[in-house]
Every structure is written in C-alpha cells, then in structure tokens.
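Visitor: Dropping a structure here in structure tokens format, bear with me for questions.
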Amino acid sequence: MAQIRPAIVQKNPQAKLTDIAKLAGTEWGKADSSVREQLQAEYKREMVDYMAAQVKYNQKLTDEQHEEIKKAKIEIAELKERRLLKKKKKELGKPKRPLSAFLLFMTEKKDERGTQSFKDWQIQMQNEWEKLYEEQKSAYMARSRKLFEEYKREIQIWEEKMIRLGHIDVVRNEALIQPKRQGTSVSQRSRGSEE
C-alpha cells in the first residue's frame with residue numbers, strides 16, 4: 001500500500017481513506033505472486049527487527065515505568081469504553097439532562113453575546129446572574145425544577161425500557177437496585193397487566 005498509495009491518491013484525489021484502502025486491496029489481489037512473496041518476506045524481516053527492538057526497549061524500562069505503561073493502557077481502554085457507552089446511550093435515545101437555572105438564564109441571553117468570546121460572555125452572565133433579584137432567580141429555578149422533574153420521569157421510563165430490552169449496561173446502578181415508582185416495579189406492573 002505504501003508503494004501504490006501515492007498513485008491511487010493522484011488518480012482519485014477526492015477518495016476517502018477507506019476507498020483508498022479498498023483500491024489498494026484490489027491492487028494487492030491483482031499483484032504478481034513474486035511481488036507479493038517479496039513484500040511478505042520484507043514484512044517478516046521488519047517484524048523481526050521490530051520485535052528485537054521492542055524486547056531491548058522493554059529491558060531498559062524500570063518496574064515503575066512498566067507499571068505506568070500498564071496504567072496508561074488501562075486508562076485508554078476505560079476512556080474508549082466510556083466513549084462507546086456514551087455513544088450507545090445517545091443512539092438508544094437517552095433523555096438529556098435539563099439545564100440548570102443559570103444555564104436557562106444564559107440561554108435566554110445568548111443573542112446578546114455578539115462577537116464576545118465565550119469565556120468573557122460567561123463571566124458577564126455570571127455577574128448579571130448575581131445581580132438578579134431573588135424573585136427573578138426563583139422564576140428560573142422553578143422552571144429548572146419543573147424540567148428536572150420531567151427529566152426524572154423520562155429517564156425512569158427510558159431505563160425501565162432499557163432493562164426490558166436487555167441494555168442493562170446503559171442504566172444507572174440505582175435504577176437496577178431500587179425501582180423508582182411508588183411501590184411498583186417493572187415486574188409488578190407487567191404482572192398486573194397480565195391479570
């Protein structure tokens with residue numbers, strides 16, 4: 001691929017990386033067996049050199065460095081897992097957490113931002129929020145509480161649905177431990193509907 005990629009890109013300047021890889025794969029399939037054998041032998045030699053260098057490198061590392069590398073790999077794997085879980089929740093339609101009272105206030109004022117940097121505008125909004133009378137703040141707080149109550153109902157329904165569909169990994173632990181509805185759980189409601 002390294003040898004033929006420039007030619008493929010030149011012939012197909014608008015091609016995506018995946019398309020280039022497919023075209024290279026097609027070319028590999030058409031390649032003469034002697035060329036393929038030569039490249040595979042070259043790959044094996046390079047792999048032996050790489051493995052020797054890897055062993056040499058690992059021998060130079062201290063126990064602490066080995067431990068740090070191990071921890072870094074675990075952190076990377078956990079981060080990837082969290083990203084995939086977040087993506088899955090979004091695809092499954094998890095309700096979004098509502099805005100706080102302050103963020104509702106900021107959202108109403110977003111047209112006043114103009115060309116101001118977000119950081120400066122946020123500071124300005126914080127100062128304006130602090131200057132509001134308690135009655136004005138309480139209106140935003142009441143809206144925020146109402147939205148949060150709606151969110152709690154929506155998230156409960158969504159989590160119950162996810163449990164029924166077998167997507168337990170996207171459900172909060174407390175939803176699995178204790179049902180939220182007043183004295184009724186998913187299984188009790190389904191039993192009641194069967195009667």
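Simple scheme: letters A, B, ... for chains in structure tokens order, numbers from 1 for residues in each chain, numbers from 1 for ligands in the order shown.
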Which residues are near A:Ala101? Cut-off 7 Å, only C-alpha atoms, ignore same chain within fewer than 5 positions. Put them as a list of chain:residue names.

Guide: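 Once the nearby chain positions are removed, what remains is A:Tyr140, A:Met141, A:Ser144.
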
Visitor: Enumerate as number ranges by chain all residues of stretch 38-178 of chain A assigned to alpha helix (DSSP H) by DSSP on the backbone, naming them with the chain letters and numbers the document uses.

Guide: A: 38-60, 63-91, 101-108, 118-131, 134-165, 173-177

Visitor: Find the residues around A:Val9 up to 10 Å (only C-alpha atoms counted), leave out those fewer than 6 positions away in its own chain, and share them as a list in words.

Guide: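 In the requested form, the answer reads Ala15, Lys16, Leu17, Asp19, Ile20 and Leu23 of chain A.
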
Visitor: Can you list, as a list in words, every protein, DNA or RNA residue that comes within 8 Å of A:Ala24 when you count only C-alpha atoms, leaving out same-chain residues fewer than 5 positions away?

Guide: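 Answer for this query is Met1, Ile4, Arg5 and Ile8 of chain A.
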
Visitor: With only C-alpha atoms counted and 12 Å as the cut-off, give the residues of stretch 32-64 of chain A in contact with stretch 68-73 of chain A, each with its shortest interatomic distance in Å and the pair that gives it, as a tab-separated table.

Guide:
```
residue	atom	partner	partner_atom	distance
A:Asn58	CA	A:Ile69	CA	10.7
A:Leu61	CA	A:Ile69	CA	10.0
A:Thr62	CA	A:Glu68	CA	9.9
A:Asp63	CA	A:Glu68	CA	8.6
A:Glu64	CA	A:Glu68	CA	6.2
```

Visitor: So what do you get for atom CA of A:Gly166 versus atom CA of A:Arg82, distance-wise?

Guide: 18.6 Å

Visitor: Show me a table, sorted first by chain and then by increasing residue number, of the residues of stretch 18-104 of chain A having an atom at most 12 Å from stretch 149-153 of chain A, each with its shortest atom pair and the distance in Å to one decimal, counting only C-alpha atoms and written as JSON lines.

Guide:
```
{"residue": "A:Lys94", "atom": "CA", "partner": "A:Tyr151", "partner_atom": "CA", "distance": 10.3}
{"residue": "A:Pro95", "atom": "CA", "partner": "A:Tyr151", "partner_atom": "CA", "distance": 7.0}
{"residue": "A:Lys96", "atom": "CA", "partner": "A:Tyr151", "partner_atom": "CA", "distance": 7.6}
{"residue": "A:Arg97", "atom": "CA", "partner": "A:Tyr151", "partner_atom": "CA", "distance": 6.5}
{"residue": "A:Pro98", "atom": "CA", "partner": "A:Tyr151", "partner_atom": "CA", "distance": 6.8}
{"residue": "A:Leu99", "atom": "CA", "partner": "A:Tyr151", "partner_atom": "CA", "distance": 10.4}
```

Visitor: In terms of the shortest atom-to-atom distance over only C-alpha atoms, which of A:Asn173, A:Leu92, A:Lys60, A:Leu147 is closest to A:Lys161?

Guide: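 For A:Lys161, the nearest of the candidates is A:Leu92.
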
Visitor: So what do you get for atom CA of A:Glu174 versus atom CA of A:Glu91, distance-wise?

Guide: 21.8 Å

Visitor: Skip A:Lys89 itself and residues of its chain fewer than 3 positions away, then list as a PDB file with N, CA, C and O atoms, in the first residue's frame all residues within 12 Å of it, counting only C-alpha atoms.

Guide:
```pdb
ATOM      1  N   ARG A  82     -15.911   4.228  27.946  1.00  0.00           N
ATOM      2  CA  ARG A  82     -16.851   5.285  28.320  1.00  0.00           C
ATOM      3  C   ARG A  82     -17.407   6.003  27.083  1.00  0.00           C
ATOM      4  O   ARG A  82     -18.594   6.316  27.027  1.00  0.00           O
ATOM      5  N   ARG A  83     -16.526   6.266  26.100  1.00  0.00           N
ATOM      6  CA  ARG A  83     -16.979   6.921  24.866  1.00  0.00           C
ATOM      7  C   ARG A  83     -17.998   6.049  24.127  1.00  0.00           C
ATOM      8  O   ARG A  83     -19.011   6.549  23.642  1.00  0.00           O
ATOM      9  N   LEU A  84     -17.713   4.758  24.042  1.00  0.00           N
ATOM     10  CA  LEU A  84     -18.636   3.844  23.364  1.00  0.00           C
ATOM     11  C   LEU A  84     -19.973   3.763  24.094  1.00  0.00           C
ATOM     12  O   LEU A  84     -21.038   3.713  23.470  1.00  0.00           O
ATOM     13  N   LEU A  85     -19.919   3.764  25.432  1.00  0.00           N
ATOM     14  CA  LEU A  85     -21.144   3.712  26.230  1.00  0.00           C
ATOM     15  C   LEU A  85     -21.962   4.986  26.035  1.00  0.00           C
ATOM     16  O   LEU A  85     -23.188   4.934  25.881  1.00  0.00           O
ATOM     17  N   LYS A  86     -21.287   6.130  26.003  1.00  0.00           N
ATOM     18  CA  LYS A  86     -21.968   7.407  25.789  1.00  0.00           C
ATOM     19  C   LYS A  86     -22.642   7.422  24.413  1.00  0.00           C
ATOM     20  O   LYS A  86     -23.782   7.852  24.267  1.00  0.00           O
ATOM     21  N   LEU A  92     -29.565   5.041  21.670  1.00  0.00           N
ATOM     22  CA  LEU A  92     -30.763   4.429  22.253  1.00  0.00           C
ATOM     23  C   LEU A  92     -31.770   5.476  22.743  1.00  0.00           C
ATOM     24  O   LEU A  92     -32.803   5.129  23.309  1.00  0.00           O
ATOM     25  N   GLY A  93     -31.451   6.759  22.530  1.00  0.00           N
ATOM     26  CA  GLY A  93     -32.398   7.830  22.843  1.00  0.00           C
ATOM     27  C   GLY A  93     -32.489   8.224  24.293  1.00  0.00           C
ATOM     28  O   GLY A  93     -33.553   8.623  24.761  1.00  0.00           O
ATOM     29  N   LYS A  94     -31.381   8.156  25.027  1.00  0.00           N
ATOM     30  CA  LYS A  94     -31.405   8.550  26.437  1.00  0.00           C
ATOM     31  C   LYS A  94     -31.808  10.018  26.548  1.00  0.00           C
ATOM     32  O   LYS A  94     -31.272  10.875  25.846  1.00  0.00           O
ATOM     33  N   PRO A  95     -32.768  10.327  27.423  1.00  0.00           N
ATOM     34  CA  PRO A  95     -33.172  11.731  27.609  1.00  0.00           C
ATOM     35  C   PRO A  95     -32.000  12.576  28.106  1.00  0.00           C
ATOM     36  O   PRO A  95     -31.169  12.103  28.884  1.00  0.00           O
ATOM     37  N   LYS A  96     -31.965  13.816  27.626  1.00  0.00           N
ATOM     38  CA  LYS A  96     -30.892  14.719  28.045  1.00  0.00           C
ATOM     39  C   LYS A  96     -31.237  15.360  29.373  1.00  0.00           C
ATOM     40  O   LYS A  96     -32.388  15.723  29.620  1.00  0.00           O
ATOM     41  N   ILE A 155     -36.371   9.675  32.331  1.00  0.00           N
ATOM     42  CA  ILE A 155     -35.207   8.780  32.495  1.00  0.00           C
ATOM     43  C   ILE A 155     -35.644   7.465  33.138  1.00  0.00           C
ATOM     44  O   ILE A 155     -35.129   6.403  32.789  1.00  0.00           O
ATOM     45  N   TRP A 158     -37.296   5.474  30.385  1.00  0.00           N
ATOM     46  CA  TRP A 158     -36.255   5.021  29.449  1.00  0.00           C
ATOM     47  C   TRP A 158     -35.438   3.884  30.050  1.00  0.00           C
ATOM     48  O   TRP A 158     -35.171   2.891  29.379  1.00  0.00           O
ATOM     49  N   GLU A 159     -35.057   4.023  31.329  1.00  0.00           N
ATOM     50  CA  GLU A 159     -34.258   2.972  31.973  1.00  0.00           C
ATOM     51  C   GLU A 159     -35.044   1.674  32.106  1.00  0.00           C
ATOM     52  O   GLU A 159     -34.490   0.590  31.915  1.00  0.00           O
ATOM     53  N   MET A 162     -34.932   0.108  28.789  1.00  0.00           N
ATOM     54  CA  MET A 162     -33.613  -0.461  28.510  1.00  0.00           C
ATOM     55  C   MET A 162     -33.419  -1.785  29.246  1.00  0.00           C
ATOM     56  O   MET A 162     -32.834  -2.722  28.704  1.00  0.00           O
ATOM     57  N   HIS A 167     -30.535  -3.909  27.754  1.00  0.00           N
ATOM     58  CA  HIS A 167     -29.417  -2.952  27.713  1.00  0.00           C
ATOM     59  C   HIS A 167     -29.097  -2.459  29.133  1.00  0.00           C
ATOM     60  O   HIS A 167     -29.118  -1.259  29.408  1.00  0.00           O
ATOM     61  N   ILE A 168     -28.781  -3.381  30.004  1.00  0.00           N
ATOM     62  CA  ILE A 168     -28.540  -3.041  31.404  1.00  0.00           C
ATOM     63  C   ILE A 168     -27.297  -2.164  31.570  1.00  0.00           C
ATOM     64  O   ILE A 168     -27.210  -1.359  32.483  1.00  0.00           O
ATOM     65  N   ASP A 169     -26.356  -2.276  30.640  1.00  0.00           N
ATOM     66  CA  ASP A 169     -25.111  -1.509  30.742  1.00  0.00           C
ATOM     67  C   ASP A 169     -25.324  -0.003  30.628  1.00  0.00           C
ATOM     68  O   ASP A 169     -24.469   0.771  31.054  1.00  0.00           O
ATOM     69  N   VAL A 170     -26.449   0.461  30.085  1.00  0.00           N
ATOM     70  CA  VAL A 170     -26.684   1.897  29.933  1.00  0.00           C
ATOM     71  C   VAL A 170     -27.517   2.474  31.080  1.00  0.00           C
ATOM     72  O   VAL A 170     -27.793   3.662  31.113  1.00  0.00           O
ATOM     73  N   VAL A 171     -27.898   1.613  32.013  1.00  0.00           N
ATOM     74  CA  VAL A 171     -28.774   2.013  33.113  1.00  0.00           C
ATOM     75  C   VAL A 171     -27.936   2.324  34.355  1.00  0.00           C
ATOM     76  O   VAL A 171     -26.974   1.628  34.656  1.00  0.00           O
ATOM     77  N   ARG A 172     -28.338   3.395  35.065  1.00  0.00           N
ATOM     78  CA  ARG A 172     -27.649   3.744  36.320  1.00  0.00           C
ATOM     79  C   ARG A 172     -27.827   2.630  37.341  1.00  0.00           C
ATOM     80  O   ARG A 172     -28.862   1.961  37.366  1.00  0.00           O
TER      81      ARG A 172
END
```
